[in-house]
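Worksheet for the structure shown next.
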Amino acid sequence: MANFSLRTENYWFTLPHHTKFQSPIFNTCLKLPQPHLLPSKRGFKFTASCSIKEKRDVADEETERAGVLGGLLPVGESAETVASTGSENQTSSTIGSYGAEGFYWRWPPWKDLPQRYKLIGTTSLAFVICNMDKVNLSVAIIPMSHQFGWNSSMAGLVQSSFFWGYALSQLPGGWFAKIFGGRQVLEFGVFSWSLATMLVPSVAGFMPGLVLSRILVGIGEGVSPSAATDLIARSIPLEERSRAVAFVFGGLSVGSVLGLLLAPPLIQNFGWESVFYIFGILGLLWCLGFQFVKEGQSSFTGRNISRNFMSAASFPSNWGTKPWSASLKELSVSLKDVPWKEFFQSRAVWAMIYVHFCGSWGHYTCLSWLPTYFSEELDLNLTEAAGVAVLPPLASILVSGIAAQFADNLIASGVETTMVRKICQTIAFLSPAFCMTLSSLNLGLPPWEIVALLTGGLALSSFALSGLYCTHQDISPEYSSVLLGITNTVGAVPGIVGVVLTGYLLDSTHSWSAKPFVPC
């Protein structure tokens with residue numbers, strides 16, 4: 001006979017198996033006679049457990065799925081054990097445990113997710129804040145220019161100063177991620193760029209101080225892609241990699257959307273200074289919350305990728321947590337171990353460098369100047385201009401998810417990984433090139449059709465997340481962070497040159513016609 005135990009506010013119900021009981025919570029039906037009441041000492045709890053022990057050797061992967069459905073997880077205590085002790089502590093200790101009979105309501109929902117998913121989720125959240133702190137200036141530059149009397153060249157100089165620090169920190173960021181682990185480097189990056197963001201209002205009237213503060217923001221954000229790449233390469237298998245990269249780096253598009261939506265009302269109600277204070281505080285709060293995400297790494301090295309890793313999720317506790325003093329001793333040795341010669345003799349690496357440069361030119365130019373373009377060319381106010389500028393990153397969120405699934409499905413079906421990356425990158429380049437060319441030609445298109453073209457082209461460029469941004473891990477999982485540091489250093493140059501060049505062309509010609517888009 002199977003005995004079931006139900007606990008309500010003040011009583012335990014011990015129910016033989018032939019009693020009928022309808023539970024609206026679990027959507028199950030149990031047969032029972034008159035219940036036997038056992039008093040409970042403490043507050044409301046509801047537990048259903050069964051003493052029958054069946055299928056205890058279910059695979060971890062199936063157990064996780066069963067736990068997610070309905071928010072229910074197995075509980076490791078029998079009804080007899082709990083009823084005999086009458087202790088709530090014993091019951092509470094079984095929440096979220098695996099391997100026995102019964103069910104317990106699980107909260108929070110992500111409690112029993114594999115560690116690699118939690119790590120990827122919080123890393124993506126860091127990238128959301130990253131782009132919020134990047135695009136806040138592209139909106140705030142409009143009232144700041146009016147207040148301080150900046151022309152377009154000066155505004156371009158202020159916006160490009162971010163990329164000076166961004167370019168300088170790429171290689172060091174990749175190198176440090178290799179030595180100290182991506183987690184510690186990511187924490188340093190978020191903390192440093194958040195403090196530097198909060199510093200902007202106090203130095204805005206002093207141009208050298210403002211430029212320096214934006215350089216510091218660039219340094220903090222510059223180490224983050226390499227740190228994230230290191231985390232992905234060490235913890236995510238090949239068949240999940242496109243989705244992991246799209247999810248993490250897709251946080252940039254989400255950050256752009258949130259930044260462009262939140263900045264205008266904050267500026268209009270509290271002044272342009274508020275966006276720097278509030279967005280900076282969000283980064284500091286992320287640093288505090290990240291301390292509660294337990295660190296771990298699987299035995300996955302990138303050389304032997306198997307599906308067993310997907311369900312194993314066995315993370316040694318010492319990965320990415322080396323003390324700074326111990327790791328510093330390895331720097332000189334590690335620098336010599338990096339296969340620099342092989343990297344720079346590889347045609348694939350040079351192709352990645354060139355692709356990163358070209359893609360960044362269009363991305364950074366549009367990211368910095370689109371709100372101003374929409375404001376002046378379409379005669380929109382600050383809120384309307386930011387609302388229109390949010391369309392490309394909003395569409396990119398959708399496209400990046402489609403591209404990731406498309407790439408992973410091709411790889412799973414047996415298509416060569418290199419071919420999949422090339423297909424995705426080709427889409428990411430030809431689509432915006434075609435749309436920007438049409439936008440640049442004097443075809444007499446109304447402004448809103450130009451907006452639609454730019455939105456479509458920039459959204460399709462998100463296929464690069466399943467193209468270029470996966471190749472670093474594909475080519476060398478061990479040195480993926482260093483490789484990204486190399487390509488992203490060159491990729492940051494358009495942020496310096498392209499953004500300033502656009503401002504110079506605007507001042508020289510006093511016209512927006514084709515200026516931002518022809519070079520892209």
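Chain labels run A, B, ... following the order of the structure tokens; each chain numbers its residues from 1, and ligands are numbered from 1 in the order shown.
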
Apply DSSP to the backbone of this structure and, from stretch 331-480 of chain A, keep only the residues in alpha helix (DSSP H); write these as a PyMOL selection string. chain A and resi 331-337+340-344+347-377+382-389+391-412+417-440+447-460+468-475+480

Would you mind listing, for every residue of stretch 194-268 of chain A within 12 Å of stretch 139-153 of chain A, the two atoms forming the shortest contact and the distance between them in Å to one decimal, using only C-alpha atoms, sorted by chain and ascending residue number, as a tab-separated table?
residue	atom	partner	partner_atom	distance
A:Val200	CA	A:Ala140	CA	11.2
A:Pro201	CA	A:Met144	CA	10.1
A:Ala204	CA	A:Met144	CA	8.4
A:Gly205	CA	A:Phe148	CA	7.2
A:Phe206	CA	A:Phe148	CA	10.0
A:Met207	CA	A:Phe148	CA	10.1
A:Leu210	CA	A:Met144	CA	11.7
A:Ser256	CA	A:Val139	CA	11.0
A:Gly259	CA	A:Val139	CA	8.8
A:Leu260	CA	A:Val139	CA	7.2
A:Leu261	CA	A:Val139	CA	10.0
A:Leu262	CA	A:Val139	CA	10.1
A:Ala263	CA	A:Val139	CA	6.9
A:Pro264	CA	A:Val139	CA	7.2
A:Pro265	CA	A:Val139	CA	10.9
A:Leu266	CA	A:Ala140	CA	10.1
A:Ile267	CA	A:Ala140	CA	7.5
A:Gln268	CA	A:Pro143	CA	9.8

Could those residues be written to a file, using all heavy atoms, as a compact mmCIF listing (two decimals), in the first residue's frame?
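And here's again_2.txt as it stands now:
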# COMPACT_ATOMS: atom_id res chain seq x y z
N VAL A 200 30.93 60.93 -14.86
CA VAL A 200 30.75 61.81 -16.01
C VAL A 200 30.11 63.15 -15.66
O VAL A 200 30.62 64.21 -16.07
CB VAL A 200 29.96 61.08 -17.12
CG1 VAL A 200 29.52 62.06 -18.21
CG2 VAL A 200 30.79 59.96 -17.73
N PRO A 201 29.00 63.21 -14.92
CA PRO A 201 28.37 64.52 -14.67
C PRO A 201 29.28 65.51 -13.95
O PRO A 201 29.20 66.73 -14.22
CB PRO A 201 27.15 64.16 -13.80
CG PRO A 201 26.84 62.74 -14.14
CD PRO A 201 28.18 62.10 -14.38
N ALA A 204 31.84 66.89 -16.70
CA ALA A 204 31.36 67.20 -18.04
C ALA A 204 31.79 68.58 -18.52
O ALA A 204 32.01 68.80 -19.71
CB ALA A 204 29.83 67.09 -18.08
N GLY A 205 31.93 69.56 -17.62
CA GLY A 205 32.33 70.90 -18.02
C GLY A 205 33.81 71.06 -18.27
O GLY A 205 34.25 72.11 -18.76
N PHE A 206 34.59 70.01 -17.98
CA PHE A 206 36.04 70.05 -18.17
C PHE A 206 36.39 68.98 -19.19
O PHE A 206 36.39 67.79 -18.88
CB PHE A 206 36.75 69.80 -16.84
CG PHE A 206 38.24 69.80 -16.92
CD1 PHE A 206 38.93 70.89 -17.38
CD2 PHE A 206 38.96 68.67 -16.51
CE1 PHE A 206 40.32 70.89 -17.44
CE2 PHE A 206 40.34 68.66 -16.57
CZ PHE A 206 41.02 69.77 -17.03
N MET A 207 36.67 69.39 -20.44
CA MET A 207 36.80 68.45 -21.53
C MET A 207 37.83 67.35 -21.28
O MET A 207 37.54 66.16 -21.51
CB MET A 207 37.10 69.19 -22.83
CG MET A 207 37.18 68.28 -24.06
SD MET A 207 35.68 67.30 -24.34
CE MET A 207 34.49 68.60 -24.70
N LEU A 210 36.28 64.86 -18.92
CA LEU A 210 35.20 64.11 -19.55
C LEU A 210 35.75 63.03 -20.46
O LEU A 210 35.29 61.88 -20.44
CB LEU A 210 34.29 65.06 -20.33
CG LEU A 210 33.14 64.41 -21.12
CD1 LEU A 210 32.21 63.65 -20.18
CD2 LEU A 210 32.37 65.47 -21.90
N SER A 256 20.86 48.24 -25.50
CA SER A 256 20.61 49.39 -26.37
C SER A 256 19.14 49.79 -26.33
O SER A 256 18.80 50.98 -26.26
CB SER A 256 21.03 49.07 -27.81
OG SER A 256 22.42 48.82 -27.90
N GLY A 259 18.40 51.28 -22.84
CA GLY A 259 19.05 52.58 -22.70
C GLY A 259 18.37 53.67 -23.50
O GLY A 259 18.14 54.78 -23.00
N LEU A 260 17.99 53.35 -24.73
CA LEU A 260 17.34 54.34 -25.58
C LEU A 260 15.91 54.64 -25.13
O LEU A 260 15.39 55.73 -25.37
CB LEU A 260 17.34 53.85 -27.03
CG LEU A 260 18.71 53.82 -27.72
CD1 LEU A 260 18.63 53.08 -29.05
CD2 LEU A 260 19.26 55.22 -27.92
N LEU A 261 15.26 53.66 -24.49
CA LEU A 261 13.91 53.89 -24.00
C LEU A 261 13.90 54.65 -22.66
O LEU A 261 13.04 55.50 -22.43
CB LEU A 261 13.17 52.56 -23.83
CG LEU A 261 12.76 51.83 -25.11
CD1 LEU A 261 12.10 50.50 -24.77
CD2 LEU A 261 11.80 52.69 -25.94
N LEU A 262 14.84 54.33 -21.79
CA LEU A 262 14.84 54.92 -20.45
C LEU A 262 15.51 56.29 -20.40
O LEU A 262 15.12 57.14 -19.59
CB LEU A 262 15.54 53.97 -19.47
CG LEU A 262 14.86 52.62 -19.21
CD1 LEU A 262 15.72 51.76 -18.29
CD2 LEU A 262 13.47 52.83 -18.61
N ALA A 263 16.52 56.51 -21.24
CA ALA A 263 17.28 57.75 -21.15
C ALA A 263 16.44 59.00 -21.41
O ALA A 263 16.53 59.97 -20.64
CB ALA A 263 18.48 57.70 -22.10
N PRO A 264 15.61 59.06 -22.46
CA PRO A 264 14.86 60.31 -22.71
C PRO A 264 13.95 60.74 -21.56
O PRO A 264 14.01 61.91 -21.15
CB PRO A 264 14.07 59.98 -23.99
CG PRO A 264 14.87 58.94 -24.67
CD PRO A 264 15.43 58.11 -23.58
N PRO A 265 13.09 59.85 -21.01
CA PRO A 265 12.25 60.33 -19.90
C PRO A 265 13.07 60.71 -18.67
O PRO A 265 12.69 61.64 -17.94
CB PRO A 265 11.33 59.13 -19.61
CG PRO A 265 11.99 57.95 -20.23
CD PRO A 265 12.74 58.47 -21.40
N LEU A 266 14.17 60.00 -18.42
CA LEU A 266 15.02 60.38 -17.28
C LEU A 266 15.62 61.76 -17.49
O LEU A 266 15.66 62.59 -16.57
CB LEU A 266 16.13 59.34 -17.09
CG LEU A 266 15.72 57.98 -16.52
CD1 LEU A 266 16.91 57.02 -16.52
CD2 LEU A 266 15.17 58.14 -15.11
N ILE A 267 16.08 62.03 -18.71
CA ILE A 267 16.68 63.33 -19.01
C ILE A 267 15.65 64.44 -18.91
O ILE A 267 15.91 65.52 -18.35
CB ILE A 267 17.33 63.30 -20.40
CG1 ILE A 267 18.56 62.38 -20.40
CG2 ILE A 267 17.73 64.70 -20.86
CD1 ILE A 267 19.18 62.16 -21.77
N GLN A 268 14.46 64.20 -19.44
CA GLN A 268 13.44 65.23 -19.44
C GLN A 268 12.91 65.53 -18.04
O GLN A 268 12.51 66.64 -17.74
CB GLN A 268 12.30 64.83 -20.37
CG GLN A 268 12.68 64.84 -21.84
CD GLN A 268 11.55 64.44 -22.75
OE1 GLN A 268 10.58 63.82 -22.31
NE2 GLN A 268 11.65 64.77 -24.03

Of A:Ala459, A:Val349, A:Val518, A:Leu258, the one sitting nearest A:Ser439 when using only C-alpha atoms is A:Val518

Would you mind listing what lies within 10 Å of A:Ile402 as number ranges by chain, with only C-alpha atoms counted and same-chain residues fewer than 2 positions away left out? A: 243, 246, 396-400, 404-407, 462-463, 466

Residue with the minimum atom-to-atom distance to A:Gly283, picked from A:Val190, A:Ile427, A:Ala351, A:Leu445 with only C-alpha atoms counted, is A:Val190

- request: Excluding stretch 124-130 of chain A and any residue of its chain fewer than 3 positions from it, enumerate the residues within 6 Å of it, using only C-alpha atoms, and give them as a PyMOL selection string.
  value: chain A and resi 121+133+248+251-252+254-255
